[in-house]
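Raw target.tsv, TSV, C-alpha atoms:
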```tsv
chain	number	residue	atom	x	y	z
A	721	MET	CA	116.38	81.91	83.20
A	722	ARG	CA	115.64	79.32	85.89
A	723	TYR	CA	113.17	77.31	83.86
A	724	ASN	CA	115.54	77.00	80.86
A	725	PHE	CA	118.22	75.68	83.23
A	726	ILE	CA	115.78	73.10	84.62
A	727	ILE	CA	114.86	71.84	81.14
A	728	PHE	CA	118.48	71.54	80.03
A	729	SER	CA	119.39	69.74	83.27
A	730	LEU	CA	116.66	67.16	82.70
A	731	VAL	CA	117.87	66.63	79.13
A	732	LEU	CA	121.47	66.08	80.24
A	733	LEU	CA	120.46	63.67	83.02
A	734	LEU	CA	118.25	61.58	80.74
A	735	ASN	CA	120.82	61.45	77.96
A	736	SER	CA	123.58	60.49	80.42
A	737	ALA	CA	121.42	57.73	81.85
A	738	MET	CA	120.75	56.27	78.39
A	739	SER	CA	124.44	56.44	77.45
A	740	LEU	CA	125.39	54.64	80.67
A	741	ALA	CA	122.79	51.97	80.05
A	742	SER	CA	124.05	51.42	76.50
A	743	SER	CA	127.62	50.97	77.76
A	744	GLN	CA	126.44	48.16	80.04
A	745	GLN	CA	124.75	46.20	77.27
A	746	GLU	CA	127.71	43.80	76.75
A	747	LEU	CA	127.69	42.86	80.44
A	748	LEU	CA	124.29	41.15	80.28
A	749	PRO	CA	124.51	37.46	81.39
A	750	LEU	CA	123.76	34.63	78.98
A	751	GLU	CA	120.73	33.60	81.02
A	752	VAL	CA	118.52	36.51	81.91
A	753	SER	CA	115.26	36.99	83.70
A	754	PRO	CA	112.21	38.32	81.82
A	755	GLU	CA	112.90	41.79	83.21
A	756	GLU	CA	116.52	41.69	82.07
A	757	ASP	CA	115.48	40.32	78.67
A	758	PHE	CA	113.09	43.25	78.28
A	759	TRP	CA	115.85	45.76	78.95
A	760	ALA	CA	118.19	43.95	76.54
A	761	GLU	CA	115.61	44.25	73.75
A	762	PHE	CA	114.97	47.85	74.80
A	763	LEU	CA	118.66	48.73	74.39
A	764	GLU	CA	119.06	46.79	71.13
A	765	SER	CA	116.04	48.56	69.66
A	766	GLY	CA	117.45	51.92	70.69
A	767	GLN	CA	120.79	51.11	69.05
A	768	ALA	CA	119.03	50.03	65.84
A	769	PHE	CA	117.07	53.28	65.86
A	770	LYS	CA	120.20	55.43	66.01
A	771	GLU	CA	122.05	53.32	63.42
A	772	LYS	CA	119.13	53.70	61.02
A	773	LYS	CA	117.93	57.25	61.68
A	774	CYS	CA	121.31	58.89	62.12
A	775	GLN	CA	122.44	57.80	58.65
A	776	GLN	CA	119.52	59.39	56.82
A	777	LYS	CA	119.66	62.49	54.66
A	778	GLY	CA	119.22	65.66	56.67
A	779	MET	CA	121.08	64.43	59.75
A	780	TYR	CA	123.79	66.59	61.25
A	781	PHE	CA	126.39	66.18	63.99
A	782	ARG	CA	125.60	63.23	66.30
A	783	CYS	CA	122.06	62.55	65.06
A	784	ILE	CA	120.89	66.17	65.26
A	785	SER	CA	118.24	66.92	62.63
A	786	GLY	CA	115.85	69.70	61.65
A	787	TYR	CA	112.61	70.16	63.57
A	788	GLU	CA	110.60	73.14	62.29
A	789	PRO	CA	111.44	74.88	58.98
A	790	SER	CA	114.60	76.97	59.35
A	791	TYR	CA	115.81	79.84	57.20
A	792	PHE	CA	117.84	83.03	56.86
A	793	GLY	CA	116.32	85.90	54.93
A	794	TYR	CA	115.53	89.55	54.41
A	795	VAL	CA	112.14	90.76	55.69
A	796	GLY	CA	110.67	93.67	53.74
A	797	ARG	CA	107.94	96.03	54.89
A	798	ASP	CA	106.01	99.10	53.91
A	799	LYS	CA	108.02	102.24	54.69
A	800	LYS	CA	105.31	103.39	57.08
A	801	HIS	CA	105.66	100.26	59.22
A	802	LEU	CA	107.25	101.12	62.56
A	803	ASP	CA	109.24	97.88	62.91
A	804	GLY	CA	111.31	98.41	59.77
A	805	SER	CA	112.99	95.95	57.40
A	806	HIS	CA	115.56	93.55	58.82
A	807	LEU	CA	117.41	90.26	58.47
A	808	GLU	CA	115.73	87.27	60.12
A	809	PHE	CA	117.32	83.99	61.21
A	810	LYS	CA	115.41	80.96	62.49
A	811	VAL	CA	116.99	77.68	63.53
A	812	SER	CA	115.09	74.64	64.79
A	813	LEU	CA	116.75	71.34	65.78
A	814	LYS	CA	115.87	68.09	67.51
A	815	TYR	CA	117.95	65.32	69.08
A	816	PRO	CA	116.73	61.81	70.03
A	817	LEU	CA	117.21	60.98	73.70
A	818	TRP	CA	115.82	57.48	73.13
A	819	GLY	CA	114.21	55.61	70.26
A	820	SER	CA	113.15	52.18	69.01
A	821	LEU	CA	112.68	50.85	65.49
A	822	VAL	CA	110.65	47.98	64.00
A	823	ASP	CA	110.46	46.91	60.33
A	824	LEU	CA	107.09	45.40	59.34
A	825	GLY	CA	107.76	45.52	55.60
A	826	ASP	CA	108.93	42.90	53.12
A	827	GLU	CA	110.79	42.81	49.82
A	828	ASN	CA	107.97	44.61	48.03
A	829	THR	CA	106.68	46.94	50.75
A	830	ILE	CA	108.35	49.57	52.91
A	831	ASP	CA	106.77	49.69	56.36
A	832	GLU	CA	109.16	50.88	59.05
A	833	ARG	CA	107.83	52.27	62.31
A	834	SER	CA	109.68	54.08	65.04
A	835	GLN	CA	109.04	55.80	68.32
A	836	ALA	CA	111.35	58.20	70.07
A	837	VAL	CA	111.69	60.84	72.75
A	838	TYR	CA	113.30	64.03	71.43
A	839	PHE	CA	114.72	67.21	72.85
A	840	ALA	CA	113.93	70.15	70.57
A	841	TYR	CA	115.05	73.76	70.39
A	842	THR	CA	113.78	76.58	68.18
A	843	GLY	CA	115.27	80.07	68.19
A	844	GLN	CA	114.46	83.13	66.10
A	845	TYR	CA	116.51	86.33	65.89
A	846	ASP	CA	116.07	89.62	64.00
A	847	PHE	CA	119.10	91.65	62.90
A	848	TYR	CA	118.27	95.33	62.22
A	849	PHE	CA	121.23	96.11	60.00
A	850	GLY	CA	120.89	99.62	58.61
A	851	SER	CA	117.33	100.17	59.85
A	852	ARG	CA	117.97	100.92	63.54
A	853	TYR	CA	120.62	102.75	65.51
A	854	SER	CA	123.52	100.44	66.48
A	855	ALA	CA	122.02	97.58	64.38
A	856	PRO	CA	120.71	95.49	67.33
A	857	VAL	CA	120.04	91.76	67.27
A	858	ILE	CA	116.66	91.06	68.91
A	859	SER	CA	115.75	87.67	70.35
A	860	ARG	CA	112.22	86.88	69.14
A	861	GLN	CA	111.70	83.28	70.23
A	862	GLN	CA	113.33	80.80	72.61
A	863	ASN	CA	111.39	77.53	72.43
A	864	PRO	CA	112.94	74.42	74.07
A	865	GLY	CA	110.89	71.30	74.75
A	866	ILE	CA	110.71	67.52	75.06
A	867	PHE	CA	108.31	65.44	72.99
A	868	TYR	CA	107.39	61.84	72.10
A	869	LYS	CA	106.90	60.90	68.43
A	870	TYR	CA	105.50	57.77	66.78
A	871	GLU	CA	106.35	57.65	63.07
A	872	TYR	CA	105.61	55.55	59.98
A	873	GLU	CA	107.93	55.32	56.98
A	874	THR	CA	106.04	54.24	53.87
A	875	ARG	CA	105.30	55.49	50.35
A	876	GLN	CA	101.57	54.89	50.74
A	877	SER	CA	98.95	57.45	51.71
A	878	GLY	CA	97.93	57.62	55.35
A	879	TYR	CA	98.93	58.89	58.75
A	880	LYS	CA	102.69	59.35	59.02
A	881	SER	CA	103.29	60.48	62.58
A	882	PHE	CA	101.86	61.55	65.90
A	883	SER	CA	103.66	63.51	68.59
A	884	VAL	CA	102.94	65.07	71.96
A	885	GLY	CA	105.28	67.19	74.05
A	886	TYR	CA	105.86	69.79	76.73
A	887	PHE	CA	107.40	73.11	75.68
A	888	HIS	CA	108.44	76.46	77.10
A	889	GLU	CA	108.24	79.51	74.84
A	890	SER	CA	109.58	82.98	75.56
A	891	ASN	CA	111.31	85.82	73.77
A	892	GLY	CA	114.31	85.96	76.12
A	893	GLN	CA	113.59	89.57	77.18
A	894	GLU	CA	113.35	91.04	80.68
A	895	ILE	CA	111.20	94.22	80.85
A	896	ASP	CA	108.06	93.59	82.94
A	897	ASP	CA	107.69	96.96	84.65
A	898	GLU	CA	106.18	100.22	83.34
A	899	ARG	CA	108.94	102.42	84.76
A	900	VAL	CA	111.67	100.34	83.11
A	901	PHE	CA	109.71	100.34	79.87
A	902	ASP	CA	109.38	104.14	79.89
A	903	ASN	CA	113.14	104.45	80.46
A	904	LYS	CA	113.75	102.16	77.49
A	905	VAL	CA	111.49	104.31	75.30
A	906	ALA	CA	113.45	107.42	76.34
A	907	ASP	CA	116.80	105.72	75.57
A	908	ILE	CA	115.64	104.63	72.12
A	909	LEU	CA	114.21	108.08	71.34
A	910	ASP	CA	117.55	109.61	72.31
A	911	SER	CA	119.30	107.17	69.92
A	912	ILE	CA	116.94	108.10	67.08
A	913	CYS	CA	117.50	111.82	67.59
A	914	ARG	CA	121.30	111.45	67.57
A	915	GLU	CA	121.04	110.96	63.82
A	916	GLU	CA	118.70	113.96	63.31
A	917	SER	CA	119.78	117.55	63.78
A	918	HIS	CA	116.46	119.38	64.12
A	919	GLU	CA	115.35	120.33	67.63
A	920	SER	CA	111.80	119.04	67.19
A	921	CYS	CA	112.98	115.44	66.95
A	922	PHE	CA	112.03	114.56	70.52
A	923	SER	CA	108.52	115.99	70.16
A	924	ASP	CA	107.87	114.49	66.73
A	925	GLY	CA	104.90	112.12	67.00
A	926	PHE	CA	106.23	109.60	64.49
A	927	ASN	CA	109.58	109.33	66.28
A	928	GLN	CA	107.79	108.78	69.58
A	929	GLN	CA	105.73	106.00	67.99
A	930	ARG	CA	108.87	104.37	66.58
A	931	ALA	CA	110.60	104.47	69.97
A	932	ASN	CA	107.54	102.98	71.66
A	933	ALA	CA	107.33	100.18	69.06
A	934	MET	CA	111.04	99.38	69.36
A	935	ALA	CA	110.85	99.29	73.16
A	936	THR	CA	108.03	96.74	72.88
A	937	ASP	CA	110.60	94.29	71.46
A	938	TYR	CA	112.16	94.13	74.93
A	939	LEU	CA	108.95	93.25	76.82
A	940	SER	CA	109.23	89.89	78.54
A	941	ARG	CA	106.81	87.24	77.24
A	942	GLY	CA	106.69	83.59	78.29
A	943	TRP	CA	104.49	80.55	78.90
A	944	ASP	CA	104.51	76.75	78.99
A	945	TYR	CA	102.23	74.64	76.83
A	946	LEU	CA	101.36	71.09	75.82
A	947	ALA	CA	101.38	70.45	72.06
A	948	ALA	CA	99.93	67.51	70.11
A	949	SER	CA	100.65	67.13	66.38
A	950	THR	CA	99.84	64.70	63.59
A	951	LYS	CA	100.87	64.32	59.96
A	952	TYR	CA	98.79	62.82	57.15
A	953	THR	CA	100.19	62.31	53.64
A	954	LEU	CA	98.46	61.84	50.30
A	955	MET	CA	100.55	60.12	47.61
A	956	HIS	CA	99.23	59.96	44.06
A	957	ARG	CA	100.32	60.20	40.45
A	958	ARG	CA	99.68	62.99	37.97
A	959	ASP	CA	100.23	62.93	34.22
A	960	LEU	CA	101.59	66.36	33.24
A	961	PHE	CA	102.50	66.96	29.59
A	962	GLY	CA	102.91	63.23	29.12
A	963	ARG	CA	105.17	62.88	32.18
A	964	ARG	CA	104.35	60.68	35.16
A	965	ILE	CA	104.90	62.74	38.28
A	966	ALA	CA	104.50	61.73	41.91
A	967	VAL	CA	102.56	64.30	43.94
A	968	GLN	CA	103.03	64.31	47.70
A	969	THR	CA	100.73	66.46	49.84
A	970	ASP	CA	101.47	66.60	53.58
A	971	PHE	CA	98.92	67.83	56.11
A	972	TYR	CA	100.29	68.88	59.53
A	973	PHE	CA	97.87	69.73	62.33
A	974	THR	CA	98.91	71.03	65.76
A	975	ALA	CA	96.86	71.92	68.84
A	976	LYS	CA	98.24	73.63	71.97
A	977	ALA	CA	97.00	73.83	75.56
A	978	TYR	CA	98.59	76.60	77.65
A	979	PHE	CA	99.43	76.27	81.35
A	980	ASN	CA	99.18	79.08	83.85
A	981	TRP	CA	102.86	78.79	84.77
A	982	GLN	CA	106.36	78.72	83.29
A	983	GLY	CA	109.37	76.44	83.65
A	984	LEU	CA	107.49	73.34	84.85
A	985	GLY	CA	105.82	75.44	87.54
A	986	ALA	CA	108.96	77.24	88.71
A	987	VAL	CA	107.37	80.58	87.75
A	988	LYS	CA	103.67	81.24	88.36
A	989	GLY	CA	101.49	82.73	85.65
A	990	ARG	CA	101.94	83.47	81.95
A	991	GLU	CA	103.65	86.66	80.83
A	992	GLU	CA	101.07	87.77	78.28
A	993	ASN	CA	98.72	90.67	79.09
A	994	ILE	CA	100.47	93.93	79.97
A	995	ALA	CA	97.78	96.34	81.14
A	996	TRP	CA	100.05	99.38	81.33
A	997	ARG	CA	101.35	99.03	77.75
A	998	LYS	CA	99.66	101.86	75.81
A	999	GLY	CA	98.71	101.62	72.16
A	1000	ILE	CA	98.76	97.83	71.87
A	1001	ASP	CA	95.96	96.10	69.95
A	1002	HIS	CA	93.45	94.08	72.02
A	1003	PRO	CA	95.34	94.43	75.35
A	1004	GLY	CA	92.97	92.06	77.20
A	1005	ASP	CA	93.47	89.08	74.86
A	1006	ASN	CA	95.37	85.97	75.92
A	1007	VAL	CA	97.94	84.03	73.91
A	1008	TYR	CA	95.48	81.17	73.31
A	1009	ASP	CA	93.20	83.66	71.51
A	1010	TYR	CA	95.76	83.68	68.67
A	1011	ARG	CA	98.07	80.64	68.89
A	1012	THR	CA	96.03	77.49	69.63
A	1013	PHE	CA	95.46	75.68	66.32
A	1014	GLN	CA	97.70	75.41	63.27
A	1015	LEU	CA	97.25	73.61	59.93
A	1016	THR	CA	100.00	73.39	57.32
A	1017	VAL	CA	99.53	71.98	53.82
A	1018	ASN	CA	102.82	71.23	52.06
A	1019	ARG	CA	102.83	70.09	48.43
A	1020	LYS	CA	105.73	68.87	46.34
A	1021	LEU	CA	106.28	66.95	43.11
A	1022	ASP	CA	108.73	64.10	42.60
A	1023	TYR	CA	109.66	62.69	39.20
A	1024	GLN	CA	111.99	60.00	40.55
A	1025	GLY	CA	109.59	58.86	43.29
A	1026	CYS	CA	106.65	58.01	41.02
A	1027	ALA	CA	107.49	54.32	40.78
A	1028	ASP	CA	107.58	54.01	44.57
A	1029	ILE	CA	103.90	54.91	45.02
A	1030	ALA	CA	101.78	51.82	45.59
A	1031	ASN	CA	99.18	50.88	42.93
A	1032	ASN	CA	99.72	53.91	40.72
A	1033	ASP	CA	101.00	52.28	37.49
A	1034	CYS	CA	104.13	54.38	37.37
A	1035	HIS	CA	106.24	51.69	35.70
A	1036	GLY	CA	107.51	52.26	32.22
A	1037	GLY	CA	109.90	54.75	30.70
A	1038	ASN	CA	109.23	58.45	30.85
A	1039	GLY	CA	111.99	59.14	28.40
A	1040	ASP	CA	114.72	61.69	28.94
A	1041	LYS	CA	114.18	64.23	31.70
A	1042	ASN	CA	112.99	67.66	30.63
A	1043	TRP	CA	112.30	71.04	32.28
A	1044	LEU	CA	109.15	69.73	33.99
A	1045	ASP	CA	111.11	66.94	35.70
A	1046	TYR	CA	113.69	69.48	36.88
A	1047	LEU	CA	110.95	71.71	38.27
A	1048	ALA	CA	109.21	68.77	39.95
A	1049	ASP	CA	112.37	67.60	41.69
A	1050	ASN	CA	113.31	71.02	43.03
A	1051	THR	CA	110.12	72.86	43.99
A	1052	GLU	CA	107.64	72.79	46.86
A	1053	TRP	CA	105.13	75.20	48.36
A	1054	SER	CA	103.04	75.39	51.51
A	1055	LEU	CA	100.16	77.22	53.17
A	1056	THR	CA	99.95	77.59	56.96
A	1057	LEU	CA	96.78	78.69	58.75
A	1058	SER	CA	96.69	79.47	62.48
A	1059	SER	CA	93.91	80.60	64.80
A	1060	GLY	CA	92.80	81.06	68.39
A	1061	ASN	CA	90.94	78.53	70.50
A	1062	LYS	CA	87.59	79.67	69.06
A	1063	LEU	CA	88.86	79.49	65.45
A	1064	ASN	CA	89.14	83.27	65.55
A	1065	ASN	CA	91.97	85.68	64.67
A	1066	ILE	CA	93.04	83.68	61.62
A	1067	SER	CA	96.51	84.21	60.14
A	1068	TYR	CA	98.08	82.72	57.04
A	1069	ARG	CA	101.57	82.19	55.67
A	1070	LEU	CA	102.46	81.30	52.07
A	1071	GLU	CA	105.88	79.79	51.33
A	1072	PHE	CA	107.60	78.79	48.10
A	1073	VAL	CA	110.97	77.00	47.91
A	1074	HIS	CA	112.95	76.25	44.76
A	1075	HIS	CA	116.41	74.66	44.63
A	1076	PHE	CA	118.24	76.29	41.74
A	1077	ALA	CA	120.43	73.75	39.95
A	1078	GLY	CA	119.32	71.38	42.69
A	1079	LEU	CA	121.56	73.21	45.15
A	1080	PHE	CA	120.70	76.83	46.08
A	1081	PRO	CA	117.43	76.76	48.12
A	1082	LEU	CA	115.63	80.05	47.44
A	1083	LYS	CA	112.73	80.74	49.82
A	1084	LEU	CA	109.89	83.24	49.29
A	1085	THR	CA	107.39	83.97	52.07
A	1086	TYR	CA	104.34	86.15	52.58
A	1087	PHE	CA	102.65	86.48	56.00
A	1088	ASN	CA	99.41	88.22	56.97
A	1089	GLY	CA	97.87	87.97	60.42
A	1090	TYR	CA	98.63	87.92	64.12
A	1091	GLY	CA	101.54	86.62	66.16
A	1092	GLU	CA	104.39	87.56	63.85
A	1093	ASN	CA	106.46	87.51	67.03
A	1094	ILE	CA	105.32	86.77	70.56
A	1095	SER	CA	106.07	90.22	71.97
A	1096	THR	CA	103.18	91.62	69.89
A	1097	TYR	CA	101.02	88.54	69.37
A	1098	GLN	CA	97.82	90.66	69.60
A	1099	SER	CA	98.80	92.98	66.75
A	1100	LYS	CA	98.03	92.29	63.10
A	1101	SER	CA	100.77	92.76	60.52
A	1102	HIS	CA	101.99	91.60	57.15
A	1103	TYR	CA	105.39	91.23	55.49
A	1104	TRP	CA	107.28	89.45	52.72
A	1105	MET	CA	110.63	87.67	52.93
A	1106	ILE	CA	113.25	86.41	50.48
A	1107	GLY	CA	116.00	84.18	51.77
A	1108	ILE	CA	117.66	80.79	52.01
A	1109	ASP	CA	115.78	77.69	53.14
A	1110	LEU	CA	118.08	75.78	55.52
A	1111	TRP	CA	115.88	72.71	56.09
```
In structure tokens, write the structure found in this file.
Amino acid sequence: MRYNFIIFSLVLLLNSAMSLASSQQELLPLEVSPEEDFWAEFLESGQAFKEKKCQQKGMYFRCISGYEPSYFGYVGRDKKHLDGSHLEFKVSLKYPLWGSLVDLGDENTIDERSQAVYFAYTGQYDFYFGSRYSAPVISRQQNPGIFYKYEYETRQSGYKSFSVGYFHESNGQEIDDERVFDNKVADILDSICREESHESCFSDGFNQQRANAMATDYLSRGWDYLAASTKYTLMHRRDLFGRRIAVQTDFYFTAKAYFNWQGLGAVKGREENIAWRKGIDHPGDNVYDYRTFQLTVNRKLDYQGCADIANNDCHGGNGDKNWLDYLADNTEWSLTLSSGNKLNNISYRLEFVHHFAGLFPLKLTYFNGYGENISTYQSKSHYWMIGIDLW
């Protein structure tokens, strides 16, 4: 698509410019003007940022790190659900185009602050192995963007980060015409009936509903939006069965404002309401009626991190580690609530992650609400998933 090409071009140009500027750092004269001194500090700070951040746990090739939660799992449904069970894969990454780092801490206090401009990409794909003819892979979400983030690194309670960015979201599909959609329904119905021998297959109401629901996966959806997010963390100590456990609760809040265009204005209008699509729930609703606000509460325990919490009297021996310490170091859970711009159409997602033997990251999920995928953001659904938590 044109707008994806534009975004990637901007990313490449900005990254090339920063790389070129870094290569010229050694050529700065011994005596510099205030402007040149500013740029020297700017480049040094950026180098310090990459040296620090790119060595942390969770970093991948060339400073690439996780952005949103990513996973691979099996999605289960009621047998009457038209979409069917499937495998689901979500990957979300970010890469710093520029960053600066400052350390305001001392020997007793950790207080590092950073700011950076990131390029981010999130993609989601469904693999209908064994539940649909020809086992198709359906693109559900293509979500590139650029955002600025200011971040604190400390073991004390308080605000941890703030970010604001510009994003494009689509499902990577192309059907935007009723005639093409009807042809797709007919093709899918023909595929369904290849596996059934009775002559009434084509006139069967349930088969027609299935074909219509499957064809909806190929409807083109897309919009641009501005997103602002913040993170607040509570750090405190709990005494559980005589053990001193650090409890970390993270609150993430995101608000989105949708533009009436796509691809930085290259395409006019949002691809949301499809008046000719029959049988869809709330056909007149807009995307911001379902996907404007989001609050995530993530809670995890940490046996080893108790002593790092300020003013919590975690010093002293806890004795040998037991089953509770193992559970605390390997388990976390979260609740995500989302709603429309009028705090309507509320959805929720429950997630539980446990690292067996500290290694295998089992993920359990239950979702109930709207916007399971953007092709049917007006429709309400529910499902469960079991899989592997990637990051």
For Leu909 of chain A, find every residue with an atom within 7 Å (counting all atoms listed in the file), except residues of its own chain fewer than 3 positions away, and show them as a PyMOL selection string.
chain A and resi 905-906+912-913+922+927-928+931
Can you pull out every residue within 6 Å of segment 870-873 of chain A, counting all atoms listed in the file, but drop anything in the same chain fewer than 4 positions away, and send it as a list in words?
Asp831, Glu832, Arg833, Ser834, Gln835, Lys880, Ser881 and Phe882 of chain A
Same residues, C-alpha atoms, saved as a PDB file, in the coordinates of the input:
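Ended up saving to result.pdb:
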```pdb
ATOM      1  CA  ASP A 831     106.770  49.690  56.360  1.00  0.00           C
ATOM      2  CA  GLU A 832     109.160  50.880  59.050  1.00  0.00           C
ATOM      3  CA  ARG A 833     107.830  52.270  62.310  1.00  0.00           C
ATOM      4  CA  SER A 834     109.680  54.080  65.040  1.00  0.00           C
ATOM      5  CA  GLN A 835     109.040  55.800  68.320  1.00  0.00           C
ATOM      6  CA  LYS A 880     102.690  59.350  59.020  1.00  0.00           C
ATOM      7  CA  SER A 881     103.290  60.480  62.580  1.00  0.00           C
ATOM      8  CA  PHE A 882     101.860  61.550  65.900  1.00  0.00           C
TER       9      PHE A 882
END
```
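Interatomic distance, atom CA of Ala836 of chain A against atom CA of Glu788 of chain A: 16.9 Å.
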Let me make sure I understand: among A:Gly1060, A:Gly819, A:Pro1081, A:Gly878, which one has the smallest atom-to-atom distance to Ile1108 of chain A if we use all atoms listed in the file?
A:Pro1081
Contacts of Ser1059 of chain A within 12 Å, all atoms listed in the file, excl. fewer than 3 positions in-chain, as a list in words
Phe973, Thr974, Ala975, Lys976, Val1007, Tyr1008, Asp1009, Tyr1010, Arg1011, Thr1012, Phe1013, Gln1014, Leu1015, Thr1056, Lys1062, Leu1063, Asn1064, Asn1065, Ile1066, Ser1067, Tyr1068, Gly1089, Tyr1090, Gly1091, Tyr1097 and Gln1098 of chain A
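For the set A:Asn1018, A:Gln893, A:Ser877, A:Asn993, the residue with the smallest atom-to-atom gap to Leu954 of chain A is A:Ser877, counting all atoms listed in the file.
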With all atoms listed in the file as the atoms that count, which of A:Tyr952, A:Tyr886, A:Trp1053, A:Trp1111 lies nearest to Ala977 of chain A?
A:Tyr886
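Atom to atom, atom CA of Trp981 of chain A and atom CA of Asp896 of chain A stand 15.8 Å apart.
Picture a line from atom CA of Asp970 of chain A to atom CA of Val1017 of chain A; it runs 5.7 Å.
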